[in-house]
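Novice: Can you read through this structure? Questions will come right after.
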Amino acid sequence: MALNLLLIYILLGCLASFLSGLLGIGGGLLVVPALFFIFTHFQIIPTPQLMHVVIGTSLATSIINLLFSVRAHQNQGAVCWPVFAAMSPGVIIGALLLGPSIMKITPGDILKIIFGLFCLISAAQIIFRKKNIITQENLPNKTSMFLLGLGTGSISTLLGIAGGMITGTILHYCHMDMRKIVGTSSAICLVLAISGTIGMMVIGYHQAGLPKWTTGFIYWPAFLGITLPSLFITALGANLAHKLPVNILKNIFAILVFMIGLKMLL
């Protein structure tokens with residue numbers, strides 16, 4: 001069973017890593033529901049802490065994917081560091097403090113509903129938003145960027161995602177070039193994933209009933225299996241993002257996210 005689980009984690013990591021590089025997301029929209037079904041089917045995590053460990057582990061796996069994604073996009077000159085600097089302080093506070101604190105008092109069933117609804121909204125947003133037209137960037141002031149980062153960090157940690165969908169939407173409405181959106185979102189999400197993972201480790205550290213190989217709400221066997229493919233595949237996705245049109249892939253991804261959200265709700 002251990003070998004079968006490792007292979008499942010690696011296959012999941014391949015897909016999550018590719019999407020992380022291609023779309024500038026941490027892969028949480030796939031990793032969260034996948035881990036939920038895996039942990040449930042194999043009865044790995046006790047039910048009261050199930051969704052919390054799913055979310056914490058998903059955030060941790062995002063770190064490695066995003067690290068390689070940021071490096072690849074920076075090599076293409078696609079990271080806007082002033083935007084990163086403006087949003088990151090709020091992201092850190094939201095992901096490290098607010099998000100984990102809210103999660104600690106939120107039942108797992110409520111977290112499933114929130115995540116399912118977020119998937120449906122994200123899918124609709126991808127499919128129906130207008131094509132990004134490159135015009136002059138219209139970025140908010142630093143205070144607004146800080147507050148946007150604060151909200152992004154809090155919500156993303158609560159959902160177990162690195163926030164790429166949220167930051168991508170924000171930067172899209174600021175008329176940023178699509179490829180810069182992907183690169184800059186990757187950098188912001190890396191900070192978010194690191195902060196959120198630390199928060200999840202701290203708030204879950206003294207939780208009773210968790211299995212071996214967990215630190216707080218992080219389950220390390222799943223983390224290792226999912227992150228192994230990122231050494232090779234994340235950069236491939238990032239390079240393709242700068243060579244291929246991604247509209248069709250985005251729509252396919254949106255349909256997948258919609259089905260996942262519907263499944264989580266049902």
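Ligands are numbered from 1 in the order shown, residues from 1 within each chain, and chains are lettered A, B, ... in the order they appear in the structure tokens.
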Near segment 183-199 of chain A, within 8 Å and counting only C-alpha atoms, which residues show up once chain neighbours fewer than 5 positions away are dropped, as a PDB file with N, CA, C and O atoms, in the first residue's frame?
Specialist:
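Output file around-v8.pdb follows:
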ATOM      1  N   GLY A  24       1.083  29.856 -13.156  1.00  0.00           N
ATOM      2  CA  GLY A  24       1.475  30.700 -12.035  1.00  0.00           C
ATOM      3  C   GLY A  24       0.672  30.436 -10.782  1.00  0.00           C
ATOM      4  O   GLY A  24       0.473  31.332  -9.975  1.00  0.00           O
ATOM      5  N   ILE A  25       0.193  29.205 -10.593  1.00  0.00           N
ATOM      6  CA  ILE A  25      -0.558  28.843  -9.393  1.00  0.00           C
ATOM      7  C   ILE A  25       0.232  27.798  -8.622  1.00  0.00           C
ATOM      8  O   ILE A  25       1.161  27.186  -9.145  1.00  0.00           O
ATOM      9  N   GLY A  26      -0.121  27.590  -7.373  1.00  0.00           N
ATOM     10  CA  GLY A  26       0.605  26.624  -6.564  1.00  0.00           C
ATOM     11  C   GLY A  26       0.144  25.196  -6.743  1.00  0.00           C
ATOM     12  O   GLY A  26       0.775  24.274  -6.259  1.00  0.00           O
ATOM     13  N   GLY A  56      -3.170  22.153   4.996  1.00  0.00           N
ATOM     14  CA  GLY A  56      -1.795  22.433   5.398  1.00  0.00           C
ATOM     15  C   GLY A  56      -0.781  21.770   4.484  1.00  0.00           C
ATOM     16  O   GLY A  56       0.216  22.398   4.078  1.00  0.00           O
ATOM     17  N   THR A  57      -1.012  20.514   4.138  1.00  0.00           N
ATOM     18  CA  THR A  57      -0.089  19.794   3.267  1.00  0.00           C
ATOM     19  C   THR A  57      -0.077  20.386   1.862  1.00  0.00           C
ATOM     20  O   THR A  57       0.975  20.486   1.219  1.00  0.00           O
ATOM     21  N   LEU A  59      -0.574  23.527   1.054  1.00  0.00           N
ATOM     22  CA  LEU A  59       0.236  24.745   1.102  1.00  0.00           C
ATOM     23  C   LEU A  59       1.725  24.419   1.084  1.00  0.00           C
ATOM     24  O   LEU A  59       2.510  25.081   0.395  1.00  0.00           O
ATOM     25  N   ALA A  60       2.121  23.408   1.842  1.00  0.00           N
ATOM     26  CA  ALA A  60       3.537  23.055   1.902  1.00  0.00           C
ATOM     27  C   ALA A  60       4.063  22.587   0.548  1.00  0.00           C
ATOM     28  O   ALA A  60       5.164  22.952   0.138  1.00  0.00           O
ATOM     29  N   SER A  62       3.050  23.511  -2.289  1.00  0.00           N
ATOM     30  CA  SER A  62       3.100  24.656  -3.204  1.00  0.00           C
ATOM     31  C   SER A  62       4.460  25.351  -3.173  1.00  0.00           C
ATOM     32  O   SER A  62       4.873  25.947  -4.175  1.00  0.00           O
ATOM     33  N   ILE A  63       5.144  25.288  -2.031  1.00  0.00           N
ATOM     34  CA  ILE A  63       6.416  26.011  -1.886  1.00  0.00           C
ATOM     35  C   ILE A  63       7.421  25.569  -2.936  1.00  0.00           C
ATOM     36  O   ILE A  63       8.045  26.394  -3.620  1.00  0.00           O
ATOM     37  N   LEU A  66       6.394  26.468  -6.568  1.00  0.00           N
ATOM     38  CA  LEU A  66       6.504  27.900  -6.840  1.00  0.00           C
ATOM     39  C   LEU A  66       7.956  28.372  -6.863  1.00  0.00           C
ATOM     40  O   LEU A  66       8.293  29.305  -7.585  1.00  0.00           O
ATOM     41  N   LEU A  67       8.804  27.740  -6.092  1.00  0.00           N
ATOM     42  CA  LEU A  67      10.222  28.110  -6.091  1.00  0.00           C
ATOM     43  C   LEU A  67      10.830  27.931  -7.479  1.00  0.00           C
ATOM     44  O   LEU A  67      11.503  28.816  -8.010  1.00  0.00           O
ATOM     45  N   SER A  69       9.056  27.653 -10.240  1.00  0.00           N
ATOM     46  CA  SER A  69       8.297  28.484 -11.163  1.00  0.00           C
ATOM     47  C   SER A  69       8.829  29.911 -11.186  1.00  0.00           C
ATOM     48  O   SER A  69       9.005  30.509 -12.254  1.00  0.00           O
ATOM     49  N   VAL A  70       9.098  30.481 -10.000  1.00  0.00           N
ATOM     50  CA  VAL A  70       9.614  31.852  -9.920  1.00  0.00           C
ATOM     51  C   VAL A  70      10.958  31.959 -10.618  1.00  0.00           C
ATOM     52  O   VAL A  70      11.213  32.915 -11.366  1.00  0.00           O
ATOM     53  N   HIS A  73      10.387  31.914 -14.423  1.00  0.00           N
ATOM     54  CA  HIS A  73       9.777  33.148 -14.930  1.00  0.00           C
ATOM     55  C   HIS A  73      10.720  34.338 -14.800  1.00  0.00           C
ATOM     56  O   HIS A  73      10.725  35.238 -15.654  1.00  0.00           O
ATOM     57  N   GLN A  74      11.545  34.363 -13.750  1.00  0.00           N
ATOM     58  CA  GLN A  74      12.520  35.442 -13.604  1.00  0.00           C
ATOM     59  C   GLN A  74      13.544  35.386 -14.737  1.00  0.00           C
ATOM     60  O   GLN A  74      13.993  36.423 -15.240  1.00  0.00           O
ATOM     61  N   ALA A  78       9.843  38.027 -16.342  1.00  0.00           N
ATOM     62  CA  ALA A  78       8.391  38.158 -16.243  1.00  0.00           C
ATOM     63  C   ALA A  78       7.898  38.370 -14.812  1.00  0.00           C
ATOM     64  O   ALA A  78       6.717  38.173 -14.537  1.00  0.00           O
ATOM     65  N   VAL A  79       8.788  38.766 -13.896  1.00  0.00           N
ATOM     66  CA  VAL A  79       8.370  39.054 -12.517  1.00  0.00           C
ATOM     67  C   VAL A  79       8.457  40.553 -12.268  1.00  0.00           C
ATOM     68  O   VAL A  79       9.527  41.156 -12.437  1.00  0.00           O
ATOM     69  N   CYS A  80       7.334  41.169 -11.895  1.00  0.00           N
ATOM     70  CA  CYS A  80       7.304  42.606 -11.598  1.00  0.00           C
ATOM     71  C   CYS A  80       7.571  42.776 -10.103  1.00  0.00           C
ATOM     72  O   CYS A  80       6.658  42.679  -9.274  1.00  0.00           O
ATOM     73  N   TRP A  81       8.808  43.048  -9.738  1.00  0.00           N
ATOM     74  CA  TRP A  81       9.208  43.073  -8.330  1.00  0.00           C
ATOM     75  C   TRP A  81       8.596  44.231  -7.539  1.00  0.00           C
ATOM     76  O   TRP A  81       8.333  44.070  -6.334  1.00  0.00           O
ATOM     77  N   VAL A  83       5.507  45.310  -7.683  1.00  0.00           N
ATOM     78  CA  VAL A  83       4.199  44.793  -7.269  1.00  0.00           C
ATOM     79  C   VAL A  83       4.379  43.747  -6.178  1.00  0.00           C
ATOM     80  O   VAL A  83       3.636  43.713  -5.183  1.00  0.00           O
ATOM     81  N   PHE A  84       5.364  42.893  -6.345  1.00  0.00           N
ATOM     82  CA  PHE A  84       5.670  41.886  -5.328  1.00  0.00           C
ATOM     83  C   PHE A  84       5.972  42.541  -3.977  1.00  0.00           C
ATOM     84  O   PHE A  84       5.450  42.124  -2.932  1.00  0.00           O
ATOM     85  N   MET A  87       2.698  44.015  -2.277  1.00  0.00           N
ATOM     86  CA  MET A  87       1.682  43.089  -1.783  1.00  0.00           C
ATOM     87  C   MET A  87       2.197  42.134  -0.713  1.00  0.00           C
ATOM     88  O   MET A  87       1.426  41.661   0.137  1.00  0.00           O
ATOM     89  N   SER A  88       3.490  41.837  -0.727  1.00  0.00           N
ATOM     90  CA  SER A  88       4.029  40.784   0.137  1.00  0.00           C
ATOM     91  C   SER A  88       3.828  41.009   1.634  1.00  0.00           C
ATOM     92  O   SER A  88       3.499  40.051   2.355  1.00  0.00           O
ATOM     93  N   VAL A  91       0.377  39.963   2.450  1.00  0.00           N
ATOM     94  CA  VAL A  91       0.267  38.521   2.221  1.00  0.00           C
ATOM     95  C   VAL A  91       0.832  37.743   3.402  1.00  0.00           C
ATOM     96  O   VAL A  91       0.224  36.784   3.892  1.00  0.00           O
ATOM     97  N   ILE A  92       1.982  38.172   3.900  1.00  0.00           N
ATOM     98  CA  ILE A  92       2.639  37.472   5.013  1.00  0.00           C
ATOM     99  C   ILE A  92       1.771  37.515   6.271  1.00  0.00           C
ATOM    100  O   ILE A  92       1.561  36.498   6.937  1.00  0.00           O
ATOM    101  N   ALA A  95      -1.405  35.311   5.678  1.00  0.00           N
ATOM    102  CA  ALA A  95      -1.137  33.874   5.589  1.00  0.00           C
ATOM    103  C   ALA A  95      -0.579  33.307   6.887  1.00  0.00           C
ATOM    104  O   ALA A  95      -0.862  32.161   7.254  1.00  0.00           O
ATOM    105  N   LEU A  96       0.212  34.101   7.596  1.00  0.00           N
ATOM    106  CA  LEU A  96       0.877  33.607   8.804  1.00  0.00           C
ATOM    107  C   LEU A  96      -0.019  33.689  10.031  1.00  0.00           C
ATOM    108  O   LEU A  96       0.044  32.820  10.916  1.00  0.00           O
ATOM    109  N   LEU A  97      -0.889  34.696  10.097  1.00  0.00           N
ATOM    110  CA  LEU A  97      -1.667  34.933  11.313  1.00  0.00           C
ATOM    111  C   LEU A  97      -3.172  34.793  11.107  1.00  0.00           C
ATOM    112  O   LEU A  97      -3.825  33.967  11.759  1.00  0.00           O
ATOM    113  N   GLY A  99      -5.291  33.858   8.445  1.00  0.00           N
ATOM    114  CA  GLY A  99      -5.843  32.651   7.835  1.00  0.00           C
ATOM    115  C   GLY A  99      -5.804  31.438   8.765  1.00  0.00           C
ATOM    116  O   GLY A  99      -6.833  30.793   9.009  1.00  0.00           O
ATOM    117  N   PRO A 100      -4.628  31.078   9.318  1.00  0.00           N
ATOM    118  CA  PRO A 100      -4.574  29.929  10.233  1.00  0.00           C
ATOM    119  C   PRO A 100      -5.437  30.113  11.479  1.00  0.00           C
ATOM    120  O   PRO A 100      -6.023  29.146  11.977  1.00  0.00           O
ATOM    121  N   GLY A 153      -3.766  36.690   1.359  1.00  0.00           N
ATOM    122  CA  GLY A 153      -3.078  35.770   2.260  1.00  0.00           C
ATOM    123  C   GLY A 153      -4.032  35.041   3.178  1.00  0.00           C
ATOM    124  O   GLY A 153      -3.913  33.829   3.397  1.00  0.00           O
ATOM    125  N   THR A 157      -4.845  30.908   2.602  1.00  0.00           N
ATOM    126  CA  THR A 157      -4.465  29.948   3.634  1.00  0.00           C
ATOM    127  C   THR A 157      -5.681  29.187   4.134  1.00  0.00           C
ATOM    128  O   THR A 157      -5.610  27.981   4.406  1.00  0.00           O
ATOM    129  N   ILE A 161      -4.740  27.012  -0.732  1.00  0.00           N
ATOM    130  CA  ILE A 161      -4.181  27.313  -2.047  1.00  0.00           C
ATOM    131  C   ILE A 161      -3.127  28.408  -1.884  1.00  0.00           C
ATOM    132  O   ILE A 161      -3.088  29.103  -0.880  1.00  0.00           O
ATOM    133  N   ALA A 162      -2.263  28.531  -2.887  1.00  0.00           N
ATOM    134  CA  ALA A 162      -1.208  29.540  -2.806  1.00  0.00           C
ATOM    135  C   ALA A 162      -1.663  30.903  -3.302  1.00  0.00           C
ATOM    136  O   ALA A 162      -0.894  31.855  -3.272  1.00  0.00           O
ATOM    137  N   GLY A 163      -2.905  31.008  -3.762  1.00  0.00           N
ATOM    138  CA  GLY A 163      -3.471  32.311  -4.097  1.00  0.00           C
ATOM    139  C   GLY A 163      -3.252  32.792  -5.507  1.00  0.00           C
ATOM    140  O   GLY A 163      -3.526  33.955  -5.816  1.00  0.00           O
ATOM    141  N   GLY A 164      -2.756  31.918  -6.392  1.00  0.00           N
ATOM    142  CA  GLY A 164      -2.483  32.348  -7.753  1.00  0.00           C
ATOM    143  C   GLY A 164      -3.718  32.819  -8.500  1.00  0.00           C
ATOM    144  O   GLY A 164      -3.657  33.769  -9.283  1.00  0.00           O
ATOM    145  N   THR A 167      -4.490  36.436  -6.965  1.00  0.00           N
ATOM    146  CA  THR A 167      -3.544  37.469  -7.395  1.00  0.00           C
ATOM    147  C   THR A 167      -3.591  37.667  -8.898  1.00  0.00           C
ATOM    148  O   THR A 167      -3.447  38.785  -9.398  1.00  0.00           O
ATOM    149  N   GLY A 168      -3.804  36.575  -9.641  1.00  0.00           N
ATOM    150  CA  GLY A 168      -3.914  36.691 -11.097  1.00  0.00           C
ATOM    151  C   GLY A 168      -5.083  37.554 -11.509  1.00  0.00           C
ATOM    152  O   GLY A 168      -4.978  38.372 -12.426  1.00  0.00           O
ATOM    153  N   ILE A 218       0.823  19.343   8.706  1.00  0.00           N
ATOM    154  CA  ILE A 218       1.570  18.979   7.502  1.00  0.00           C
ATOM    155  C   ILE A 218       1.876  17.488   7.554  1.00  0.00           C
ATOM    156  O   ILE A 218       2.494  17.003   8.512  1.00  0.00           O
TER     157      ILE A 218
END
Novice: Which residues come within 12 Å of Trp213 of chain A, counting only C-alpha atoms, excluding same-chain residues fewer than 5 positions away, as a tab-separated table (two decimals) with C-alpha atoms, in the first residue's frame?
Specialist:
chain	number	residue	atom	x	y	z
A	44	ILE	CA	-4.84	8.08	6.72
A	45	ILE	CA	-6.03	11.13	8.69
A	53	VAL	CA	-4.23	18.41	7.22
A	57	THR	CA	-0.09	19.79	3.27
A	218	ILE	CA	1.57	18.98	7.50
A	219	TYR	CA	1.71	15.30	6.46
A	220	TRP	CA	5.25	14.73	5.21
A	221	PRO	CA	4.88	11.49	3.15
A	222	ALA	CA	2.36	13.22	0.88
A	223	PHE	CA	4.54	16.34	0.78
A	224	LEU	CA	7.60	14.39	-0.40
Novice: So that I can check the surroundings of Ala123 of chain A, please list as a ChimeraX atom specification every protein, DNA and RNA residue that reaches within 6 Å of it, counting only C-alpha atoms and ignoring chain neighbours fewer than 6 positions away.
Specialist: /A:254,257-258
Novice: Could you turn the residues from that selection into a file that holds C-alpha atoms, as a CSV table (one decimal), in the first residue's frame?
Specialist:
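Listed below is the output, again-v7.csv:
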chain,number,residue,atom,x,y,z
A,254,ALA,CA,-11.5,25.7,-15.6
A,257,VAL,CA,-11.8,23.0,-11.4
A,258,PHE,CA,-15.6,23.3,-11.8
Novice: How many Å separate atom CA of Lys180 of chain A from atom CA of Ala34 of chain A?
Specialist: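 One can read the atom CA of Lys180 of chain A to atom CA of Ala34 of chain A distance as 29.0 Å.
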Novice: In Å, rounded to a single decimal, give me how far atom CA of Ile113 of chain A is from atom CA of Met201 of chain A.
Specialist: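 For atom CA of Met201 of chain A relative to atom CA of Ile113 of chain A, the distance reads 23.1 Å.
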Novice: How many Å lie between atom CA of Met259 of chain A and atom CA of Lys104 of chain A, rounded to one decimal?
Specialist: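 Interatomic distance here is 27.4 Å.
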Novice: With only C-alpha atoms as the basis for distance, which of A:Gly77, A:Gly225, A:Gly216, A:Pro107 is at the shortest distance from Val182 of chain A?
Specialist: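 Checking each candidate against Val182 of chain A, we get A:Gly77 as the closest.
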Novice: Excluding segment 108-111 of chain A and its own-chain neighbours fewer than 5 positions away, which residues fall within 9 Å of it when counting only C-alpha atoms? Please give them as an NGL selection string.
Specialist: :A and (47-52 or 103 or 116 or 158-159)
Novice: Can you write out the residues you just picked, keeping N, CA, C and O atoms, as a PDB file, in the first residue's frame?
Specialist:
ATOM      1  N   THR A  47     -10.959  11.925  10.839  1.00  0.00           N
ATOM      2  CA  THR A  47     -11.950  12.822  10.243  1.00  0.00           C
ATOM      3  C   THR A  47     -11.953  14.232  10.829  1.00  0.00           C
ATOM      4  O   THR A  47     -12.035  15.208  10.069  1.00  0.00           O
ATOM      5  N   PRO A  48     -11.866  14.423  12.156  1.00  0.00           N
ATOM      6  CA  PRO A  48     -11.923  15.796  12.687  1.00  0.00           C
ATOM      7  C   PRO A  48     -10.815  16.705  12.164  1.00  0.00           C
ATOM      8  O   PRO A  48     -11.015  17.907  12.008  1.00  0.00           O
ATOM      9  N   GLN A  49      -9.635  16.143  11.884  1.00  0.00           N
ATOM     10  CA  GLN A  49      -8.510  16.954  11.386  1.00  0.00           C
ATOM     11  C   GLN A  49      -8.264  16.779   9.891  1.00  0.00           C
ATOM     12  O   GLN A  49      -7.304  17.336   9.359  1.00  0.00           O
ATOM     13  N   LEU A  50      -9.136  16.028   9.216  1.00  0.00           N
ATOM     14  CA  LEU A  50      -8.881  15.662   7.822  1.00  0.00           C
ATOM     15  C   LEU A  50      -8.678  16.877   6.931  1.00  0.00           C
ATOM     16  O   LEU A  50      -7.647  17.021   6.264  1.00  0.00           O
ATOM     17  N   MET A  51      -9.642  17.778   6.896  1.00  0.00           N
ATOM     18  CA  MET A  51      -9.567  18.912   5.989  1.00  0.00           C
ATOM     19  C   MET A  51      -8.439  19.858   6.379  1.00  0.00           C
ATOM     20  O   MET A  51      -7.806  20.476   5.515  1.00  0.00           O
ATOM     21  N   HIS A  52      -8.139  19.948   7.662  1.00  0.00           N
ATOM     22  CA  HIS A  52      -7.060  20.829   8.102  1.00  0.00           C
ATOM     23  C   HIS A  52      -5.698  20.321   7.610  1.00  0.00           C
ATOM     24  O   HIS A  52      -4.850  21.099   7.157  1.00  0.00           O
ATOM     25  N   MET A 103      -8.950  29.349  10.498  1.00  0.00           N
ATOM     26  CA  MET A 103      -9.099  27.928  10.220  1.00  0.00           C
ATOM     27  C   MET A 103      -9.202  27.103  11.498  1.00  0.00           C
ATOM     28  O   MET A 103      -9.957  26.121  11.570  1.00  0.00           O
ATOM     29  N   GLY A 116     -15.329  24.271  -2.121  1.00  0.00           N
ATOM     30  CA  GLY A 116     -16.141  23.921  -3.289  1.00  0.00           C
ATOM     31  C   GLY A 116     -16.699  25.138  -3.985  1.00  0.00           C
ATOM     32  O   GLY A 116     -16.654  25.249  -5.213  1.00  0.00           O
ATOM     33  N   LEU A 158      -6.796  29.864   4.238  1.00  0.00           N
ATOM     34  CA  LEU A 158      -8.033  29.217   4.684  1.00  0.00           C
ATOM     35  C   LEU A 158      -8.464  28.121   3.715  1.00  0.00           C
ATOM     36  O   LEU A 158      -9.029  27.102   4.116  1.00  0.00           O
ATOM     37  N   LEU A 159      -8.159  28.305   2.419  1.00  0.00           N
ATOM     38  CA  LEU A 159      -8.575  27.350   1.386  1.00  0.00           C
ATOM     39  C   LEU A 159      -7.492  26.327   1.054  1.00  0.00           C
ATOM     40  O   LEU A 159      -7.751  25.363   0.348  1.00  0.00           O
TER      41      LEU A 159
END
Novice: Contacts of Ser58 of chain A at 6 Å or less, counting only C-alpha atoms, minus same-chain residues fewer than 2 places along, as a JSON list (two decimals) with N, CA and C atoms, in the first residue's frame?
Specialist:
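Wrote out13.json, looks like this:
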[["chain", "number", "residue", "atom", "x", "y", "z"],
["A", 28, "GLY", "N", -2.84, 24.10, -5.66],
["A", 28, "GLY", "CA", -3.75, 23.73, -4.58],
["A", 28, "GLY", "C", -5.14, 23.37, -5.03],
["A", 31, "VAL", "N", -4.51, 19.79, -5.71],
["A", 31, "VAL", "CA", -3.94, 19.02, -4.60],
["A", 31, "VAL", "C", -4.93, 18.88, -3.45],
["A", 32, "VAL", "N", -5.68, 19.94, -3.12],
["A", 32, "VAL", "CA", -6.61, 19.88, -1.99],
["A", 32, "VAL", "C", -7.68, 18.79, -2.19],
["A", 55, "ILE", "N", -5.38, 20.85, 3.81],
["A", 55, "ILE", "CA", -5.07, 22.23, 3.46],
["A", 55, "ILE", "C", -3.62, 22.57, 3.82],
["A", 56, "GLY", "N", -3.17, 22.15, 5.00],
["A", 56, "GLY", "CA", -1.79, 22.43, 5.40],
["A", 56, "GLY", "C", -0.78, 21.77, 4.48],
["A", 60, "ALA", "N", 2.12, 23.41, 1.84],
["A", 60, "ALA", "CA", 3.54, 23.06, 1.90],
["A", 60, "ALA", "C", 4.06, 22.59, 0.55],
["A", 61, "THR", "N", 3.27, 21.79, -0.17],
["A", 61, "THR", "CA", 3.71, 21.31, -1.49],
["A", 61, "THR", "C", 3.84, 22.46, -2.49],
["A", 160, "GLY", "N", -6.26, 26.55, 1.52],
["A", 160, "GLY", "CA", -5.18, 25.64, 1.21],
["A", 160, "GLY", "C", -4.59, 25.83, -0.17]]
